[in-house]
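Comments concern the structure below.
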Amino acid sequence: MAQLEPKGVYWLDNTLYLNITNQCSNCCYFCFKRYKSGVGGFNLKLLREPTIEKIETELSEVLHKRSWDGIVFCGFGEPTERLDVLVEVTKWIRRQHGKPIQIRLDTNGHGYTLNPNRDVALELKNAGIDKVSVSLNAGDKETYNEICKPTFPETYDAVLEFILKTKGLVELEVTAVRLPEVKLAKVQRVADKLGVKFKVREYIPCFF
Ligand code: SF4
């Protein structure tokens with residue numbers, strides 16, 4: 001079967017998703033991209049990182065086609081690896097869409113590590129992101145390093161810092177995937193201590 005064209009924009013049910021990068025500063029053992037080409041019939045393995053113009057072109061083809069429930073930055077990479085693209089595309093959506101719609105960022109919370117000297121949380125808020133979902137998956141540094149295999153040292157503490165800096169600005173939740181290695185109660189205790197909402201994500205491998 002011929003390979004489908006890689007997509008920067010895709011949808012599942014009634015939600016639009018943006019796959020703006022395949023780069024990630026984690027290497028989670030459960031990440032779909034380790035063994036899948038995409039989700040829901042879309043190829044998310046980018047041949048090259050899409051330009052802002054390419055994403056906006058793909059978006060314009062579908063943005064007004066339905067009354068979408070929301071738009072989520074979530075693909076086969078970490079969106080804050082390309083903070084400028086994330087910010088510019090969010091602003092473009094706010095200009096083009098014209099109706100209230102939730103724009104959510106799903107992130108590993110490495111935004112400040114990846115973008116030193118930038119006020120990431122404030123930039124996200126000002127661009128028009130109204131919800132951030134931080135994938136934590138561990139209640140301590142050692143477990144985080146085992147499960148997520150971050151590129152940078154001391155990343156766990158940086159994720160906690162990201163959560164604290166972001167929580168007052170936009171709606172925020174901390175998530176953990178339901179897997180045997182992930183101790184959900186421990187992650188929930190961390191979320192409680194930080195004063196943020198906690199959500200369990202079911203691990204449902206999408207078919208492709
Ligand atoms: S943080 Fe997300 S994109 Fe990055 S490796 Fe983990 S699951 Fe994959």
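Letters A, B, ... go to the chains of the structure tokens in the order shown; residues in each chain start at 1; ligands are counted from 1 in the same order.
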
message: Within 7 Å of ligand 1 (counting only C-alpha atoms and all ligand atoms), which residues show up? I'd like them as JSON, numbers by chain.
response: {"A": [24, 25, 26, 27, 28, 30, 31, 32, 33, 75, 76, 77, 78, 107, 108, 148]}

- request: For Pro100 in chain A, list every protein, DNA or RNA residue within 12 Å, evaluated using only C-alpha atoms, and leave out those in the same chain fewer than 5 positions away; present the list as a list in words.
  value: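 So, after excluding close chain neighbours, the residues are Ser67, Trp68, Asp69, Gly70, Ile71, Ile93, Arg94, Arg95, Gly128, Ile129 and Asp130 of chain A.
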
Writing out the chosen residues with all heavy atoms as a short mmCIF file (atom, residue, chain, number, x, y, z; two decimals), in the first residue's frame:
```cif
data_model
loop_
_atom_site.label_atom_id
_atom_site.label_comp_id
_atom_site.auth_asym_id
_atom_site.auth_seq_id
_atom_site.Cartn_x
_atom_site.Cartn_y
_atom_site.Cartn_z
N SER A 67 -18.26 22.14 13.01
CA SER A 67 -18.22 22.86 14.27
C SER A 67 -17.40 22.01 15.23
O SER A 67 -17.92 21.16 15.95
CB SER A 67 -19.66 23.05 14.76
OG SER A 67 -19.65 23.74 15.95
N TRP A 68 -16.07 22.21 15.21
CA TRP A 68 -15.17 21.38 16.01
C TRP A 68 -15.37 21.63 17.50
O TRP A 68 -15.67 22.74 17.91
CB TRP A 68 -13.71 21.68 15.63
CG TRP A 68 -13.39 21.42 14.20
CD1 TRP A 68 -13.28 22.34 13.19
CD2 TRP A 68 -13.15 20.14 13.59
NE1 TRP A 68 -12.98 21.71 12.01
CE2 TRP A 68 -12.89 20.37 12.22
CE3 TRP A 68 -13.11 18.83 14.07
CZ2 TRP A 68 -12.62 19.33 11.33
CZ3 TRP A 68 -12.83 17.80 13.18
CH2 TRP A 68 -12.58 18.04 11.84
N ASP A 69 -15.17 20.58 18.29
CA ASP A 69 -15.28 20.73 19.75
C ASP A 69 -14.07 21.46 20.33
O ASP A 69 -14.16 22.09 21.37
CB ASP A 69 -15.36 19.34 20.42
CG ASP A 69 -16.67 18.64 20.09
OD1 ASP A 69 -17.63 19.34 19.72
OD2 ASP A 69 -16.71 17.40 20.20
N GLY A 70 -12.92 21.34 19.66
CA GLY A 70 -11.71 21.99 20.18
C GLY A 70 -10.54 21.70 19.26
O GLY A 70 -10.65 20.90 18.32
N ILE A 71 -9.44 22.39 19.55
CA ILE A 71 -8.21 22.21 18.76
C ILE A 71 -7.09 21.91 19.75
O ILE A 71 -6.95 22.61 20.77
CB ILE A 71 -7.89 23.47 17.94
CG1 ILE A 71 -9.06 23.77 16.99
CG2 ILE A 71 -6.59 23.31 17.16
CD1 ILE A 71 -8.91 25.04 16.17
N ILE A 93 -5.14 30.95 14.44
CA ILE A 93 -6.45 30.32 14.66
C ILE A 93 -7.40 31.32 15.30
O ILE A 93 -8.56 31.46 14.89
CB ILE A 93 -6.33 29.05 15.55
CG1 ILE A 93 -5.51 27.97 14.86
CG2 ILE A 93 -7.73 28.51 15.91
CD1 ILE A 93 -5.10 26.83 15.78
N ARG A 94 -6.91 32.03 16.31
CA ARG A 94 -7.78 33.01 16.99
C ARG A 94 -8.27 34.08 16.00
O ARG A 94 -9.40 34.53 16.09
CB ARG A 94 -7.02 33.67 18.16
CG ARG A 94 -6.79 32.75 19.35
CD ARG A 94 -8.08 32.43 20.07
NE ARG A 94 -7.86 31.51 21.20
CZ ARG A 94 -8.70 30.56 21.53
NH1 ARG A 94 -9.83 30.38 20.87
NH2 ARG A 94 -8.46 29.77 22.55
N ARG A 95 -7.40 34.47 15.06
CA ARG A 95 -7.82 35.49 14.08
C ARG A 95 -8.82 34.92 13.07
O ARG A 95 -9.80 35.53 12.73
CB ARG A 95 -6.60 36.01 13.30
CG ARG A 95 -5.72 36.98 14.07
CD ARG A 95 -4.79 37.75 13.13
NE ARG A 95 -3.97 36.89 12.30
CZ ARG A 95 -2.78 36.42 12.65
NH1 ARG A 95 -2.27 36.73 13.83
NH2 ARG A 95 -2.10 35.63 11.84
N GLY A 128 -3.25 32.81 22.98
CA GLY A 128 -4.64 32.34 22.91
C GLY A 128 -4.85 30.89 23.33
O GLY A 128 -5.93 30.34 23.17
N ILE A 129 -3.79 30.27 23.88
CA ILE A 129 -3.96 28.92 24.45
C ILE A 129 -4.79 29.08 25.71
O ILE A 129 -4.49 29.92 26.55
CB ILE A 129 -2.59 28.30 24.81
CG1 ILE A 129 -1.72 28.07 23.57
CG2 ILE A 129 -2.75 27.02 25.64
CD1 ILE A 129 -2.05 26.86 22.75
N ASP A 130 -5.85 28.28 25.86
CA ASP A 130 -6.62 28.45 27.10
C ASP A 130 -6.60 27.23 28.01
O ASP A 130 -7.15 27.27 29.10
CB ASP A 130 -8.05 28.93 26.86
CG ASP A 130 -8.70 28.32 25.68
OD1 ASP A 130 -8.31 27.20 25.31
OD2 ASP A 130 -9.61 28.94 25.12
#
```

Sorted by chain and rising residue number, list the residues of range 35-135 of chain A at most 6 Å from range 170-176 of chain A (counting only C-alpha atoms), each with its closest atom pair and distance in Å to one decimal, as a tab-separated table.
```
residue	atom	partner	partner_atom	distance
A:Asp130	CA	A:Val170	CA	5.4
A:Lys131	CA	A:Glu171	CA	4.6
A:Val132	CA	A:Leu172	CA	4.9
A:Ser133	CA	A:Glu173	CA	4.9
A:Val134	CA	A:Val174	CA	4.8
A:Ser135	CA	A:Thr175	CA	4.9
```

Output for the residues just chosen: all heavy atoms as an mmCIF file, in the first residue's frame:
```cif
data_model
loop_
_atom_site.group_PDB
_atom_site.id
_atom_site.type_symbol
_atom_site.label_atom_id
_atom_site.label_comp_id
_atom_site.auth_asym_id
_atom_site.auth_seq_id
_atom_site.Cartn_x
_atom_site.Cartn_y
_atom_site.Cartn_z
ATOM 1 N N ASP A 130 -5.852 28.276 25.864
ATOM 2 C CA ASP A 130 -6.619 28.448 27.097
ATOM 3 C C ASP A 130 -6.603 27.234 28.005
ATOM 4 O O ASP A 130 -7.155 27.274 29.100
ATOM 5 C CB ASP A 130 -8.055 28.933 26.859
ATOM 6 C CG ASP A 130 -8.704 28.317 25.684
ATOM 7 O OD1 ASP A 130 -8.309 27.204 25.311
ATOM 8 O OD2 ASP A 130 -9.610 28.941 25.120
ATOM 9 N N LYS A 131 -5.944 26.160 27.555
ATOM 10 C CA LYS A 131 -5.788 25.021 28.461
ATOM 11 C C LYS A 131 -4.461 24.326 28.171
ATOM 12 O O LYS A 131 -4.075 24.178 27.010
ATOM 13 C CB LYS A 131 -6.952 24.039 28.298
ATOM 14 C CG LYS A 131 -6.877 22.884 29.271
ATOM 15 C CD LYS A 131 -8.139 22.050 29.277
ATOM 16 C CE LYS A 131 -7.983 20.905 30.261
ATOM 17 N NZ LYS A 131 -9.158 20.049 30.325
ATOM 18 N N VAL A 132 -3.788 23.898 29.244
ATOM 19 C CA VAL A 132 -2.535 23.151 29.093
ATOM 20 C C VAL A 132 -2.661 21.853 29.870
ATOM 21 O O VAL A 132 -3.097 21.831 31.011
ATOM 22 C CB VAL A 132 -1.330 23.984 29.614
ATOM 23 C CG1 VAL A 132 -0.056 23.148 29.616
ATOM 24 C CG2 VAL A 132 -1.130 25.236 28.755
ATOM 25 N N SER A 133 -2.293 20.766 29.196
ATOM 26 C CA SER A 133 -2.353 19.439 29.817
ATOM 27 C C SER A 133 -0.922 18.900 29.872
ATOM 28 O O SER A 133 -0.289 18.706 28.838
ATOM 29 C CB SER A 133 -3.250 18.552 28.940
ATOM 30 O OG SER A 133 -3.406 17.296 29.522
ATOM 31 N N VAL A 134 -0.418 18.741 31.091
ATOM 32 C CA VAL A 134 0.988 18.346 31.254
ATOM 33 C C VAL A 134 1.078 16.856 31.575
ATOM 34 O O VAL A 134 0.511 16.374 32.552
ATOM 35 C CB VAL A 134 1.657 19.144 32.400
ATOM 36 C CG1 VAL A 134 3.134 18.772 32.508
ATOM 37 C CG2 VAL A 134 1.508 20.636 32.170
ATOM 38 N N SER A 135 1.814 16.152 30.719
ATOM 39 C CA SER A 135 1.985 14.719 30.891
ATOM 40 C C SER A 135 3.115 14.485 31.891
ATOM 41 O O SER A 135 4.280 14.727 31.575
ATOM 42 C CB SER A 135 2.326 14.164 29.500
ATOM 43 O OG SER A 135 2.555 12.813 29.569
#
```

task: Would you please give, as a PyMOL selection string, all residues of range 92-169 of chain A that DSSP assigns to alpha helix (DSSP H) based on the backbone?
output: chain A and resi 92-97+111-114+120-127+141-148+155-167

Contacts of Glu123 in chain A at 12 Å (only C-alpha atoms; same-chain gap of 2+ positions) as a list in words: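 Counting only the stated atoms, we get Thr80, Leu83, Asp84, Val85, Leu86, Val87, Glu88, Thr90, Lys91, Gly111, Tyr112, Asn115, Asn117, Arg118, Asp119, Val120, Ala121, Lys125, Asn126, Ala127, Gly128, Ile129, Asp130, Lys165, Thr166, Leu169 and Val170 of chain A.
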
Convert the current residue selection to file output with C-alpha atoms, as a PDB file, in the first residue's frame.
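Below is the file that was written, out-v2.pdb:
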```
ATOM      1  CA  THR A  80       7.194  23.531  22.718  1.00  0.00           C
ATOM      2  CA  LEU A  83       7.509  27.500  20.467  1.00  0.00           C
ATOM      3  CA  ASP A  84       7.439  30.139  17.722  1.00  0.00           C
ATOM      4  CA  VAL A  85       5.308  27.891  15.498  1.00  0.00           C
ATOM      5  CA  LEU A  86       3.018  27.015  18.398  1.00  0.00           C
ATOM      6  CA  VAL A  87       2.508  30.684  19.265  1.00  0.00           C
ATOM      7  CA  GLU A  88       2.058  31.908  15.679  1.00  0.00           C
ATOM      8  CA  THR A  90      -2.429  29.741  17.849  1.00  0.00           C
ATOM      9  CA  LYS A  91      -2.688  33.457  17.050  1.00  0.00           C
ATOM     10  CA  GLY A 111       8.910  24.354  27.740  1.00  0.00           C
ATOM     11  CA  TYR A 112      11.338  26.354  29.904  1.00  0.00           C
ATOM     12  CA  ASN A 115      13.250  27.777  25.562  1.00  0.00           C
ATOM     13  CA  ASN A 117      15.125  33.155  28.570  1.00  0.00           C
ATOM     14  CA  ARG A 118      11.510  33.083  27.402  1.00  0.00           C
ATOM     15  CA  ASP A 119       8.360  33.491  29.464  1.00  0.00           C
ATOM     16  CA  VAL A 120       6.740  30.407  27.950  1.00  0.00           C
ATOM     17  CA  ALA A 121       3.565  30.385  30.049  1.00  0.00           C
ATOM     18  CA  LYS A 125      -1.614  32.690  27.330  1.00  0.00           C
ATOM     19  CA  ASN A 126      -1.124  35.809  25.223  1.00  0.00           C
ATOM     20  CA  ALA A 127      -1.244  33.795  22.000  1.00  0.00           C
ATOM     21  CA  GLY A 128      -4.639  32.342  22.915  1.00  0.00           C
ATOM     22  CA  ILE A 129      -3.960  28.919  24.445  1.00  0.00           C
ATOM     23  CA  ASP A 130      -6.619  28.448  27.097  1.00  0.00           C
ATOM     24  CA  LYS A 165       4.427  28.927  36.401  1.00  0.00           C
ATOM     25  CA  THR A 166       1.519  28.028  34.121  1.00  0.00           C
ATOM     26  CA  LEU A 169      -2.422  31.850  33.802  1.00  0.00           C
ATOM     27  CA  VAL A 170      -4.455  29.208  31.953  1.00  0.00           C
TER      28      VAL A 170
END
```

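In this comparison, which uses only C-alpha atoms, the residue of A:Ser37, A:Asn43, A:Thr15, A:Pro50 approaching Arg66 in chain A most closely is A:Thr15.
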
- request: Name the residues in contact with Leu47 in chain A at a cut-off of 12 Å, using only C-alpha atoms, excluding same-chain residues fewer than 3 positions from it; report them as a list in words.
  value: Gln3, Leu4, Glu5, Pro6, Lys7, Gly8, Ile20, Thr21, Asn22, Gln23, Ser37, Asn43, Leu44 and Pro50 of chain A

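Relative to CA of Lys193 in chain A, CA of Arg104 in chain A is found at 23.2 Å.
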
- prompt: Hey, what's within 10 Å of Asp157 in chain A if we count only C-alpha atoms and toss same-chain stuff fewer than 3 positions away? As JSON, numbers by chain, please?
  reply: {"A": [110, 140, 141, 153, 154, 160, 161, 162, 163]}

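Each of A:Leu18, A:Ile147, A:Val177, A:Ala138 was checked against Leu105 in chain A using only C-alpha atoms; the smallest atom-to-atom distance is that of A:Leu18.
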
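Remark: for Ile101 in chain A, the closest of the candidate residues A:Leu194, A:Ala158, A:Leu16, A:Val39 is A:Leu16 (distances computed over only C-alpha atoms).
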
Can you write out as a tab-separated table which residues of range 108-140 of chain A fall within 8 Å of range 182-188 of chain A, alongside each residue's closest atom pair and its distance in Å to one decimal, counting only C-alpha atoms and ordering rows by chain and ascending residue number?
```
residue	atom	partner	partner_atom	distance
A:Leu136	CA	A:Val187	CA	7.4
A:Asn137	CA	A:Val182	CA	6.1
A:Ala138	CA	A:Val187	CA	5.5
A:Gly139	CA	A:Val187	CA	4.4
```
